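Colleague: Dropping in my_file_6.tsv, which is TSV, C-alpha atoms:
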chain	number	residue	atom	x	y	z
A	1	MET	CA	-4.91	-0.44	21.24
A	2	ILE	CA	-3.91	0.53	17.70
A	3	GLU	CA	-0.93	2.48	19.00
A	4	LYS	CA	0.14	-0.55	21.01
A	5	TYR	CA	-0.38	-3.36	18.52
A	6	LEU	CA	0.07	-1.60	15.19
A	7	LYS	CA	2.93	0.64	16.25
A	8	ASP	CA	4.98	-0.10	13.15
A	9	LEU	CA	2.07	0.88	10.95
A	10	ILE	CA	1.43	4.26	12.52
A	11	GLN	CA	5.14	5.00	12.54
A	12	LEU	CA	5.22	4.91	8.75
A	13	LYS	CA	5.82	8.42	7.53
A	14	ASN	CA	2.76	8.77	5.33
A	15	VAL	CA	0.15	6.98	7.39
A	16	GLU	CA	-2.47	9.56	8.36
A	17	ALA	CA	-5.03	7.48	10.21
A	18	VAL	CA	-5.82	3.94	11.29
A	19	ALA	CA	-9.21	2.88	12.61
A	20	ALA	CA	-10.80	-0.38	13.70
A	21	TYR	CA	-14.58	-0.84	13.53
A	22	SER	CA	-16.68	-3.70	14.80
A	23	LEU	CA	-18.98	-5.35	12.28
A	24	ASN	CA	-21.87	-3.23	13.50
A	25	ASN	CA	-19.92	-0.17	12.45
A	26	GLU	CA	-18.93	1.00	15.91
A	27	LEU	CA	-15.51	2.47	16.37
A	28	ILE	CA	-13.37	0.21	18.52
A	29	ASP	CA	-10.21	2.30	18.37
A	30	SER	CA	-8.48	4.78	16.14
A	31	TRP	CA	-5.29	6.72	15.75
A	32	SER	CA	-4.78	9.71	13.52
A	33	ASP	CA	-2.31	12.40	12.70
A	34	PRO	CA	-3.26	15.66	14.48
A	35	ASN	CA	-3.92	17.30	11.10
A	36	PHE	CA	-6.29	14.59	9.93
A	37	ASN	CA	-10.05	15.14	10.01
A	38	SER	CA	-11.20	11.99	11.79
A	39	LYS	CA	-14.88	12.53	10.88
A	40	VAL	CA	-13.95	11.14	7.47
A	41	LEU	CA	-13.35	7.73	9.01
A	42	LYS	CA	-16.95	7.19	10.09
A	43	GLU	CA	-18.24	7.91	6.60
A	44	LEU	CA	-15.61	5.67	5.09
A	45	SER	CA	-16.43	2.75	7.34
A	46	LEU	CA	-20.11	2.74	6.38
A	47	HIS	CA	-19.29	2.83	2.67
A	48	TYR	CA	-16.79	0.03	3.03
A	49	PHE	CA	-19.27	-2.13	4.92
A	50	GLN	CA	-21.71	-1.66	2.04
A	51	VAL	CA	-19.02	-2.59	-0.47
A	52	PHE	CA	-17.93	-5.69	1.43
A	53	ALA	CA	-21.58	-6.73	1.97
A	54	THR	CA	-22.23	-6.37	-1.75
A	55	LEU	CA	-19.18	-8.41	-2.63
A	56	ASP	CA	-20.21	-10.99	-0.08
A	57	LEU	CA	-23.68	-11.19	-1.63
A	58	SER	CA	-22.15	-11.91	-4.99
A	59	LEU	CA	-19.93	-14.58	-3.38
A	60	LYS	CA	-16.74	-12.67	-4.02
A	61	ASN	CA	-14.40	-13.27	-1.16
A	62	PHE	CA	-12.49	-10.00	-1.04
A	63	GLN	CA	-10.41	-9.40	2.05
A	64	GLU	CA	-9.00	-6.03	1.21
A	65	ILE	CA	-9.89	-3.05	-0.92
A	66	VAL	CA	-7.58	-0.22	-1.90
A	67	ILE	CA	-9.02	2.96	-3.33
A	68	THR	CA	-6.48	5.33	-4.78
A	69	HIS	CA	-7.11	9.03	-5.04
A	70	GLU	CA	-5.04	11.99	-6.11
A	71	LYS	CA	-3.14	12.32	-2.86
A	72	GLY	CA	-3.07	8.82	-1.44
A	73	HIS	CA	-4.94	5.60	-0.74
A	74	PHE	CA	-7.71	4.30	1.45
A	75	TYR	CA	-6.71	0.78	2.44
A	76	THR	CA	-9.29	-1.44	4.11
A	77	ARG	CA	-9.07	-4.99	5.37
A	78	ILE	CA	-12.01	-7.04	6.55
A	79	LEU	CA	-11.15	-9.40	9.39
A	80	PRO	CA	-13.29	-11.94	11.28
A	81	ASN	CA	-14.67	-9.37	13.76
A	82	LEU	CA	-13.22	-6.16	12.48
A	83	LEU	CA	-12.96	-3.66	9.69
A	84	LEU	CA	-9.56	-2.02	9.59
A	85	ILE	CA	-9.15	1.26	7.70
A	86	VAL	CA	-5.78	2.81	6.95
A	87	VAL	CA	-5.59	6.26	5.36
A	88	VAL	CA	-2.28	7.05	3.72
A	89	LYS	CA	-0.85	9.74	1.54
A	90	LEU	CA	1.65	9.25	-1.25
A	91	PRO	CA	4.28	8.00	-1.54
A	92	ILE	CA	3.73	4.66	0.14
A	93	GLU	CA	3.86	1.02	-0.89
A	94	ILE	CA	0.59	-0.84	-0.32
A	95	SER	CA	2.57	-4.08	-0.09
A	96	LEU	CA	4.36	-2.63	2.95
A	97	LEU	CA	1.05	-1.85	4.67
A	98	ARG	CA	-0.17	-5.34	3.87
A	99	LEU	CA	3.00	-6.94	5.22
A	100	ILE	CA	2.87	-5.03	8.52
A	101	ILE	CA	-0.83	-5.77	8.99
A	102	ASN	CA	-0.32	-9.46	8.17
A	103	VAL	CA	2.46	-9.78	10.70
A	104	LYS	CA	1.03	-7.63	13.48
A	105	ILE	CA	-2.73	-8.07	13.30
A	106	SER	CA	-2.96	-11.38	15.14
A	107	ASP	CA	-1.63	-9.78	18.35
A	108	LEU	CA	-4.35	-7.16	18.09
A	109	LEU	CA	-7.04	-9.74	17.32
A	110	LYS	CA	-6.02	-11.86	20.30
A	111	SER	CA	-5.71	-8.93	22.70
A	112	LYS	CA	-7.96	-8.65	25.72
A	113	GLU	CA	-8.54	-4.98	24.95
A	114	LEU	CA	-10.05	-5.83	21.58
A	115	GLN	CA	-12.17	-8.68	22.93
A	116	LYS	CA	-13.52	-6.34	25.58
A	117	GLY	CA	-14.25	-3.63	23.02
A	118	LEU	CA	-15.98	-6.08	20.71
A	119	LYS	CA	-18.07	-7.51	23.52
A	120	LYS	CA	-19.37	-4.07	24.38
A	121	SER	CA	-19.96	-3.20	20.76
A	122	THR	CA	-21.74	-6.38	19.72
A	123	GLN	CA	-24.31	-6.24	22.51
A	124	GLU	CA	-26.50	-4.40	20.07
A	125	SER	CA	-26.10	-6.85	17.26
A	126	LYS	CA	-26.37	-5.45	13.77
A	127	ASP	CA	-23.96	-7.12	11.45
A	128	PHE	CA	-23.23	-4.74	8.60
A	129	LEU	CA	-21.82	-7.55	6.52
A	130	ASN	CA	-25.06	-9.44	6.71
A	131	ASN	CA	-26.99	-9.31	3.45
A	132	LYS	CA	-30.15	-8.71	5.42
A	133	ASN	CA	-29.05	-5.14	5.79
A	134	LEU	CA	-29.42	-4.55	2.09
A	135	ASP	CA	-32.90	-3.31	1.32
A	136	ASP	CA	-35.06	-4.70	-1.50
A	137	SER	CA	-34.12	-1.98	-3.97
A	138	GLU	CA	-30.40	-2.64	-3.35
A	139	LYS	CA	-30.87	-6.39	-3.84
A	140	GLU	CA	-32.84	-5.76	-7.01
A	141	TYR	CA	-30.14	-3.41	-8.28
A	142	LEU	CA	-27.46	-6.02	-7.62
A	143	LYS	CA	-29.47	-8.68	-9.43
A	144	LYS	CA	-29.66	-6.44	-12.47
A	145	LEU	CA	-25.96	-5.88	-12.38
A	146	GLU	CA	-25.47	-9.64	-12.32
A	147	ILE	CA	-22.26	-9.35	-10.36
B	1	MET	CA	20.02	10.30	-20.26
B	2	GLU	CA	18.86	7.15	-22.02
B	3	LYS	CA	16.34	5.81	-19.58
B	4	ILE	CA	13.94	7.51	-17.21
B	5	ASP	CA	13.51	5.34	-14.14
B	6	GLU	CA	10.23	5.59	-12.28
B	7	ASN	CA	12.06	6.14	-9.00
B	8	MET	CA	14.06	9.11	-10.24
B	9	VAL	CA	13.47	12.50	-8.66
B	10	PHE	CA	13.99	15.74	-10.58
B	11	VAL	CA	14.00	19.45	-9.85
B	12	LEU	CA	13.86	22.38	-12.25
B	13	ASN	CA	17.17	23.56	-13.60
B	14	SER	CA	17.71	27.00	-12.09
B	15	GLN	CA	19.79	28.02	-15.09
B	16	GLN	CA	17.01	27.34	-17.58
B	17	SER	CA	13.48	28.72	-17.41
B	18	PRO	CA	10.65	26.50	-18.73
B	19	GLU	CA	8.93	29.66	-19.98
B	20	ASP	CA	11.56	29.91	-22.69
B	21	SER	CA	10.55	26.50	-24.01
B	22	ASP	CA	7.47	25.70	-25.98
B	23	LEU	CA	5.87	23.31	-23.51
B	24	LEU	CA	2.58	21.52	-23.98
B	25	HIS	CA	-0.16	21.52	-21.36
B	26	LEU	CA	0.80	18.13	-19.91
B	27	GLU	CA	4.46	19.06	-19.82
B	28	TRP	CA	3.58	22.12	-17.76
B	29	ALA	CA	1.53	19.89	-15.48
B	30	VAL	CA	4.60	17.71	-14.90
B	31	VAL	CA	6.80	20.77	-14.29
B	32	SER	CA	4.33	22.06	-11.69
B	33	GLN	CA	4.62	18.77	-9.80
B	34	LEU	CA	8.39	18.94	-9.41
B	35	ASP	CA	9.34	19.50	-5.80
B	36	GLY	CA	12.54	17.52	-5.35
B	37	GLN	CA	10.59	14.86	-3.42
B	38	LYS	CA	8.13	13.22	-5.77
B	39	THR	CA	9.39	10.42	-7.95
B	40	VAL	CA	8.55	10.08	-11.63
B	41	ARG	CA	6.08	7.37	-10.74
B	42	GLN	CA	4.30	9.52	-8.13
B	43	ILE	CA	3.98	12.35	-10.62
B	44	ALA	CA	2.56	9.93	-13.17
B	45	GLU	CA	0.03	8.72	-10.58
B	46	ASN	CA	-0.91	12.26	-9.57
B	47	LEU	CA	-1.56	13.22	-13.18
B	48	SER	CA	-3.05	9.87	-14.21
B	49	LEU	CA	-0.40	9.40	-16.89
B	50	SER	CA	0.82	6.06	-18.18
B	51	THR	CA	4.44	4.99	-17.76
B	52	ALA	CA	5.10	5.56	-21.44
B	53	GLU	CA	3.53	9.02	-21.39
B	54	VAL	CA	5.39	10.23	-18.34
B	55	GLU	CA	8.67	8.78	-19.62
B	56	GLU	CA	8.27	10.60	-22.91
B	57	ILE	CA	7.55	13.91	-21.17
B	58	PHE	CA	10.52	13.57	-18.83
B	59	LYS	CA	12.79	12.63	-21.72
B	60	LYS	CA	11.80	15.78	-23.53
B	61	LEU	CA	12.22	17.99	-20.45
B	62	VAL	CA	15.62	16.45	-19.73
B	63	SER	CA	16.76	16.78	-23.33
B	64	GLU	CA	15.88	20.48	-23.19
B	65	GLU	CA	17.98	20.73	-20.02
B	66	LEU	CA	15.04	21.97	-18.01
B	67	LEU	CA	15.48	19.34	-15.30
B	68	VAL	CA	18.22	18.28	-12.94
B	69	LEU	CA	18.30	14.81	-11.45
B	70	VAL	CA	18.30	14.83	-7.66
B	71	ASP	CA	21.21	12.83	-6.37
B	72	ARG	CA	19.89	10.50	-3.71
B	73	THR	CA	22.48	8.45	-1.90
B	74	GLU	CA	22.43	4.75	-2.59
B	75	ASN	CA	22.20	3.82	1.08
B	76	GLU	CA	18.94	5.65	1.48
B	77	ASP	CA	17.24	3.95	-1.42
B	78	THR	CA	18.55	0.42	-1.35
B	79	VAL	CA	18.61	-2.50	1.01
B	80	PRO	CA	21.77	-4.60	1.31
B	81	GLY	CA	22.19	-7.56	-1.02
B	82	GLU	CA	22.49	-9.84	2.04
B	83	LEU	CA	18.74	-9.49	2.53
B	84	PHE	CA	18.27	-11.24	-0.79
B	85	LYS	CA	20.14	-14.25	0.61
B	86	LEU	CA	18.09	-14.11	3.77
B	87	VAL	CA	14.83	-14.11	1.81
B	88	GLY	CA	16.15	-17.01	-0.28
B	89	HIS	CA	17.00	-18.94	2.88
B	90	GLU	CA	13.53	-18.46	4.39
B	91	MET	CA	11.88	-19.44	1.10
B	92	THR	CA	14.02	-22.57	0.87
B	93	LEU	CA	13.01	-23.62	4.39
B	94	LEU	CA	9.37	-23.52	3.30
B	95	LEU	CA	9.50	-24.61	-0.33
B	96	GLY	CA	12.70	-26.61	-0.68
B	97	PRO	CA	15.16	-26.32	-3.60
B	98	VAL	CA	12.54	-24.90	-5.98
B	99	ALA	CA	12.65	-21.67	-3.92
B	100	GLY	CA	15.79	-20.51	-5.73
B	101	ILE	CA	14.12	-20.74	-9.13
B	102	ILE	CA	10.99	-18.95	-7.92
B	103	LEU	CA	13.07	-16.20	-6.37
B	104	GLU	CA	15.06	-15.76	-9.56
B	105	ASP	CA	11.86	-15.57	-11.64
B	106	ILE	CA	10.30	-12.95	-9.38
B	107	MET	CA	13.52	-10.91	-9.32
B	108	ASN	CA	13.58	-10.92	-13.13
B	109	LEU	CA	9.90	-10.05	-13.30
B	110	MET	CA	10.48	-7.05	-11.05
B	111	ARG	CA	13.75	-6.19	-12.80
B	112	LEU	CA	15.60	-6.19	-9.50
B	113	ASN	CA	19.33	-6.33	-9.08
B	114	ARG	CA	20.35	-8.93	-6.51
B	115	GLU	CA	23.30	-6.84	-5.30
B	116	SER	CA	21.18	-3.91	-4.19
B	117	ILE	CA	17.42	-3.96	-4.03
B	118	ASP	CA	15.38	-0.77	-4.21
B	119	ARG	CA	13.97	-0.22	-0.72
B	120	ARG	CA	10.54	0.76	-2.08
B	121	LYS	CA	10.30	-2.38	-4.18
B	122	PHE	CA	11.31	-4.72	-1.37
B	123	PRO	CA	7.82	-5.09	0.23
B	124	GLY	CA	6.47	-5.84	-3.26
B	125	LEU	CA	9.06	-8.57	-3.64
B	126	ILE	CA	7.98	-10.10	-0.32
B	127	ASP	CA	4.34	-9.85	-1.42
B	128	LEU	CA	4.95	-11.66	-4.71
B	129	LEU	CA	7.06	-14.33	-3.05
B	130	THR	CA	4.37	-14.89	-0.42
B	131	ASN	CA	1.85	-15.51	-3.19
B	132	GLN	CA	4.06	-18.33	-4.46
B	133	ILE	CA	3.46	-20.24	-1.22
B	134	ASP	CA	0.19	-22.17	-1.41
B	135	ASP	CA	-0.41	-22.82	2.26
B	136	PRO	CA	-1.79	-19.69	4.04
B	137	VAL	CA	-0.22	-20.82	7.33
B	138	LYS	CA	3.19	-21.02	5.67
B	139	GLN	CA	2.60	-17.68	3.97
B	140	LEU	CA	2.19	-16.05	7.35
B	141	GLU	CA	5.14	-17.97	8.76
B	142	PHE	CA	7.34	-16.67	5.93
B	143	GLN	CA	6.31	-13.07	6.54
B	144	ARG	CA	6.65	-13.36	10.31
B	145	ASN	CA	10.14	-14.84	10.01
B	146	ILE	CA	11.35	-12.29	7.52
B	147	TYR	CA	9.74	-9.13	8.92
B	148	PRO	CA	11.89	-8.58	12.06
B	149	LYS	CA	15.02	-8.93	9.92
B	150	ILE	CA	13.99	-6.47	7.23
B	151	LYS	CA	11.98	-4.06	9.35
B	152	GLN	CA	14.82	-1.61	9.96
B	153	TYR	CA	15.25	-1.09	6.21
B	154	LEU	CA	11.57	-0.68	5.47
B	155	LEU	CA	10.44	1.65	8.23
B	156	LYS	CA	12.60	4.59	7.24
Could the structure of this file be written out as structure tokens, please?
Modeller:
Amino acid sequence: MIEKYLKDLIQLKNVEAVAAYSLNNELIDSWSDPNFNSKVLKELSLHYFQVFATLDLSLKNFQEIVITHEKGHFYTRILPNLLLIVVVKLPIEISLLRLIINVKISDLLKSKELQKGLKKSTQESKDFLNNKNLDDSEKEYLKKLEI
Amino acid sequence: MEKIDENMVFVLNSQQSPEDSDLLHLEWAVVSQLDGQKTVRQIAENLSLSTAEVEEIFKKLVSEELLVLVDRTENEDTVPGELFKLVGHEMTLLLGPVAGIILEDIMNLMRLNRESIDRRKFPGLIDLLTNQIDDPVKQLEFQRNIYPKIKQYLLK
């Protein structure tokens, strides 16, 4: 699915992995360079869901988050039914990733393959963006932060 | 060399050993990053240095003739000036005559030359121009119209 609809993205020289997760943190599809450790993606997705849920709780409407590290970036985009993670190494322009995703993502979102994948995945409904998934101590902590 | 551009790429001068120079810790760190591929900006990012800091270090290393600038052909690093006109045309279709002024402002802000635009800066230009369009539907329309025409230059 990712190889078909986000072909331009994975053809970029320094893109190491692309993964799409449903909002209950189930992998819908992924692509990665053979040298990339794909276990990293699962950990990343959970952390990003927590970050987006926190931002959502504080009414901050973030659609994308880029975390830069020594060797590259983790780019994530939250979409209506999907969390998209792109792992890239330097050098790469984030604006290029954003442009390709903007232009190409609607074909993926409309695709039958994705709808089918989401239907399967959302049978066990646990929306990770829902604030209900934050426990009391997390809510208390956020209140104290006043963000 | 008067100005160190962030897109420049350097290698060590094989005729001059850095060990003969009295280099500071950070200058050694920069030297160790030189591989003929990384740009000045990437090295700055890797070492968490500011633009001013990295520029100063490179100036010193160049002045001591420790570095050689890698000659990268213009065609590889730039997109044709015609793309600038194309972008202007698409912007005008969406925003009317004011598009020209906006485009000029953004070009100045990014210090871009309209005759040849740095390939790496081109997506950033599109990004900034998109943000000048208020309507999200039109933003997407602009990017969708422009992308197939610029794709071949960006996906190298």
Colleague: Compare A:Leu118, A:Leu41, A:Leu99, A:Leu108 by their minimum atom-to-atom distance to Tyr147 in chain B, counting only C-alpha atoms, and give me the closest one.
Modeller: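 Under the stated criterion, the closest residue is A:Leu99.
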Colleague: Smallest atom-to-atom distance to Glu113 in chain A: which of A:Leu82, A:Leu23, A:Val66, A:Met1, using only C-alpha atoms?
Modeller: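 Answer, going by the shortest atom-to-atom distance: A:Met1.
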Colleague: Given a cut-off of 12 Å, which residues of chain A touch chain B, counting all atoms listed in the file, written out as a PyMOL selection string?
Modeller: chain A and resi 7-15+68-73+89-106
Colleague: Every residue with an atom at most 7 Å from (2.9, 13.8, -21.8) (file coordinates; all atoms listed in the file) is what I'm after, so could you write them as a PDB file with C-alpha atoms, in the coordinates of the input?
Modeller:
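Saved file result.pdb follows:
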ATOM      1  CA  LEU B  26       0.800  18.130 -19.910  1.00  0.00           C
ATOM      2  CA  GLU B  27       4.460  19.060 -19.820  1.00  0.00           C
ATOM      3  CA  GLU B  53       3.530   9.020 -21.390  1.00  0.00           C
ATOM      4  CA  VAL B  54       5.390  10.230 -18.340  1.00  0.00           C
ATOM      5  CA  GLU B  56       8.270  10.600 -22.910  1.00  0.00           C
ATOM      6  CA  ILE B  57       7.550  13.910 -21.170  1.00  0.00           C
TER       7      ILE B  57
END
Colleague: Name the closest residue to Ile65 in chain A among the candidates A:Ala17, A:Ile78, A:Leu44, A:Leu6; distances are taken between atoms, counting only C-alpha atoms.
Modeller: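 When distances to Ile65 in chain A are compared using only C-alpha atoms, the smallest one comes from A:Ile78.
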Colleague: Between CA of Ala29 in chain B and CA of Leu49 in chain B, what is the spacing in Å?
Modeller: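 Distance reported for this atom pair: 10.8 Å.
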Colleague: Could you tell me how far CA of Lys149 in chain B sits from CA of Arg111 in chain B, in Å to one decimal place?
Modeller: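 Taking CA of Arg111 in chain B and CA of Lys149 in chain B, their separation equals 22.9 Å.
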Colleague: How big is the axis-aligned box, and where does its centre sit, when it encloses all atoms of range 68-77 of chain A listed in the file and has 4 Å added on every side, reported in Å to one decimal as lines of an AutoDock Vina configuration file?
Modeller:
center_x = -6.2
center_y = 3.7
center_z = -0.4
size_x = 14.2
size_y = 25.3
size_z = 19.5
Colleague: Between CA of Ile133 in chain B and CA of Arg119 in chain B, what is the distance in Å, rounded to a tenth?
Modeller: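 Computing the Euclidean distance for CA of Ile133 in chain B and CA of Arg119 in chain B yields 22.6 Å.
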Colleague: For each of B:Lys3, B:His25, B:Arg114, B:Lys138, take the minimum atom-to-atom distance to Leu93 in chain B, counting only C-alpha atoms, then give the residue where this is smallest.
Modeller: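 For Leu93 in chain B, the nearest of the candidates is B:Lys138.
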Colleague: Using all atoms listed in the file for the distances, tell me which of A:Glu64, A:Glu3, A:Glu140, A:Asp29 is nearest to Leu114 in chain A.
Modeller: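 Closest to Leu114 in chain A, using all atoms listed in the file: A:Asp29.
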Colleague: Counting all atoms listed in the file, which of B:Gln33, B:Ser50, B:Gln132, B:Ser21 gets nearest to Val98 in chain B?
Modeller: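 Residue with the minimum atom-to-atom distance to Val98 in chain B: B:Gln132.
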Colleague: Mind rebuilding range 106-134 of chain B with N, CA and C atoms and writing that out as a PDB file, in the frame of the given file?
Modeller:
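So selection_4.pdb came out as:
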ATOM      1  N   ILE B 106      10.957 -14.157  -9.900  1.00  0.00           N
ATOM      2  CA  ILE B 106      10.300 -12.950  -9.380  1.00  0.00           C
ATOM      3  C   ILE B 106      11.244 -11.743  -9.485  1.00  0.00           C
ATOM      4  N   MET B 107      12.530 -12.002  -9.215  1.00  0.00           N
ATOM      5  CA  MET B 107      13.520 -10.910  -9.320  1.00  0.00           C
ATOM      6  C   MET B 107      13.569 -10.388 -10.769  1.00  0.00           C
ATOM      7  N   ASN B 108      13.548 -11.318 -11.714  1.00  0.00           N
ATOM      8  CA  ASN B 108      13.580 -10.920 -13.130  1.00  0.00           C
ATOM      9  C   ASN B 108      12.314 -10.168 -13.508  1.00  0.00           C
ATOM     10  N   LEU B 109      11.185 -10.684 -13.015  1.00  0.00           N
ATOM     11  CA  LEU B 109       9.900 -10.050 -13.300  1.00  0.00           C
ATOM     12  C   LEU B 109       9.886  -8.606 -12.804  1.00  0.00           C
ATOM     13  N   MET B 110      10.475  -8.399 -11.637  1.00  0.00           N
ATOM     14  CA  MET B 110      10.480  -7.050 -11.050  1.00  0.00           C
ATOM     15  C   MET B 110      11.689  -6.226 -11.482  1.00  0.00           C
ATOM     16  N   ARG B 111      12.516  -6.835 -12.327  1.00  0.00           N
ATOM     17  CA  ARG B 111      13.750  -6.190 -12.800  1.00  0.00           C
ATOM     18  C   ARG B 111      14.597  -5.692 -11.639  1.00  0.00           C
ATOM     19  N   LEU B 112      14.806  -6.568 -10.672  1.00  0.00           N
ATOM     20  CA  LEU B 112      15.600  -6.190  -9.500  1.00  0.00           C
ATOM     21  C   LEU B 112      17.014  -6.720  -9.630  1.00  0.00           C
ATOM     22  N   ASN B 113      17.932  -5.946  -9.082  1.00  0.00           N
ATOM     23  CA  ASN B 113      19.330  -6.330  -9.080  1.00  0.00           C
ATOM     24  C   ASN B 113      19.637  -6.993  -7.728  1.00  0.00           C
ATOM     25  N   ARG B 114      20.157  -8.198  -7.758  1.00  0.00           N
ATOM     26  CA  ARG B 114      20.350  -8.930  -6.510  1.00  0.00           C
ATOM     27  C   ARG B 114      21.418  -8.308  -5.596  1.00  0.00           C
ATOM     28  N   GLU B 115      22.251  -7.460  -6.127  1.00  0.00           N
ATOM     29  CA  GLU B 115      23.300  -6.840  -5.300  1.00  0.00           C
ATOM     30  C   GLU B 115      22.732  -5.721  -4.425  1.00  0.00           C
ATOM     31  N   SER B 116      21.816  -4.974  -4.991  1.00  0.00           N
ATOM     32  CA  SER B 116      21.180  -3.910  -4.190  1.00  0.00           C
ATOM     33  C   SER B 116      19.737  -3.777  -4.637  1.00  0.00           C
ATOM     34  N   ILE B 117      18.849  -3.977  -3.699  1.00  0.00           N
ATOM     35  CA  ILE B 117      17.420  -3.960  -4.030  1.00  0.00           C
ATOM     36  C   ILE B 117      16.827  -2.617  -3.616  1.00  0.00           C
ATOM     37  N   ASP B 118      16.062  -2.031  -4.510  1.00  0.00           N
ATOM     38  CA  ASP B 118      15.380  -0.770  -4.210  1.00  0.00           C
ATOM     39  C   ASP B 118      14.491  -0.951  -2.977  1.00  0.00           C
ATOM     40  N   ARG B 119      14.696  -0.103  -1.995  1.00  0.00           N
ATOM     41  CA  ARG B 119      13.970  -0.220  -0.720  1.00  0.00           C
ATOM     42  C   ARG B 119      12.452  -0.193  -0.921  1.00  0.00           C
ATOM     43  N   ARG B 120      11.981   0.632  -1.864  1.00  0.00           N
ATOM     44  CA  ARG B 120      10.540   0.760  -2.080  1.00  0.00           C
ATOM     45  C   ARG B 120       9.948  -0.474  -2.756  1.00  0.00           C
ATOM     46  N   LYS B 121      10.818  -1.197  -3.472  1.00  0.00           N
ATOM     47  CA  LYS B 121      10.300  -2.380  -4.180  1.00  0.00           C
ATOM     48  C   LYS B 121      10.368  -3.633  -3.302  1.00  0.00           C
ATOM     49  N   PHE B 122      11.083  -3.531  -2.194  1.00  0.00           N
ATOM     50  CA  PHE B 122      11.310  -4.720  -1.370  1.00  0.00           C
ATOM     51  C   PHE B 122      10.003  -5.316  -0.799  1.00  0.00           C
ATOM     52  N   PRO B 123       9.081  -4.493  -0.252  1.00  0.00           N
ATOM     53  CA  PRO B 123       7.820  -5.090   0.230  1.00  0.00           C
ATOM     54  C   PRO B 123       7.050  -5.777  -0.900  1.00  0.00           C
ATOM     55  N   GLY B 124       7.138  -5.219  -2.106  1.00  0.00           N
ATOM     56  CA  GLY B 124       6.470  -5.840  -3.260  1.00  0.00           C
ATOM     57  C   GLY B 124       7.059  -7.200  -3.576  1.00  0.00           C
ATOM     58  N   LEU B 125       8.378  -7.294  -3.420  1.00  0.00           N
ATOM     59  CA  LEU B 125       9.060  -8.570  -3.640  1.00  0.00           C
ATOM     60  C   LEU B 125       8.552  -9.612  -2.624  1.00  0.00           C
ATOM     61  N   ILE B 126       8.457  -9.187  -1.370  1.00  0.00           N
ATOM     62  CA  ILE B 126       7.980 -10.100  -0.320  1.00  0.00           C
ATOM     63  C   ILE B 126       6.532 -10.527  -0.620  1.00  0.00           C
ATOM     64  N   ASP B 127       5.743  -9.583  -1.091  1.00  0.00           N
ATOM     65  CA  ASP B 127       4.340  -9.850  -1.420  1.00  0.00           C
ATOM     66  C   ASP B 127       4.235 -10.911  -2.522  1.00  0.00           C
ATOM     67  N   LEU B 128       4.998 -10.712  -3.584  1.00  0.00           N
ATOM     68  CA  LEU B 128       4.950 -11.660  -4.710  1.00  0.00           C
ATOM     69  C   LEU B 128       5.458 -13.038  -4.300  1.00  0.00           C
ATOM     70  N   LEU B 129       6.511 -13.043  -3.499  1.00  0.00           N
ATOM     71  CA  LEU B 129       7.060 -14.330  -3.050  1.00  0.00           C
ATOM     72  C   LEU B 129       6.052 -15.054  -2.151  1.00  0.00           C
ATOM     73  N   THR B 130       5.375 -14.286  -1.307  1.00  0.00           N
ATOM     74  CA  THR B 130       4.370 -14.890  -0.420  1.00  0.00           C
ATOM     75  C   THR B 130       3.279 -15.574  -1.250  1.00  0.00           C
ATOM     76  N   ASN B 131       2.899 -14.933  -2.341  1.00  0.00           N
ATOM     77  CA  ASN B 131       1.850 -15.510  -3.190  1.00  0.00           C
ATOM     78  C   ASN B 131       2.272 -16.818  -3.868  1.00  0.00           C
ATOM     79  N   GLN B 132       3.566 -17.075  -3.877  1.00  0.00           N
ATOM     80  CA  GLN B 132       4.060 -18.330  -4.460  1.00  0.00           C
ATOM     81  C   GLN B 132       3.925 -19.505  -3.495  1.00  0.00           C
ATOM     82  N   ILE B 133       3.623 -19.184  -2.233  1.00  0.00           N
ATOM     83  CA  ILE B 133       3.460 -20.240  -1.220  1.00  0.00           C
ATOM     84  C   ILE B 133       1.963 -20.567  -1.140  1.00  0.00           C
ATOM     85  N   ASP B 134       1.609 -21.807  -1.360  1.00  0.00           N
ATOM     86  CA  ASP B 134       0.190 -22.170  -1.410  1.00  0.00           C
ATOM     87  C   ASP B 134      -0.499 -22.145  -0.051  1.00  0.00           C
TER      88      ASP B 134
END
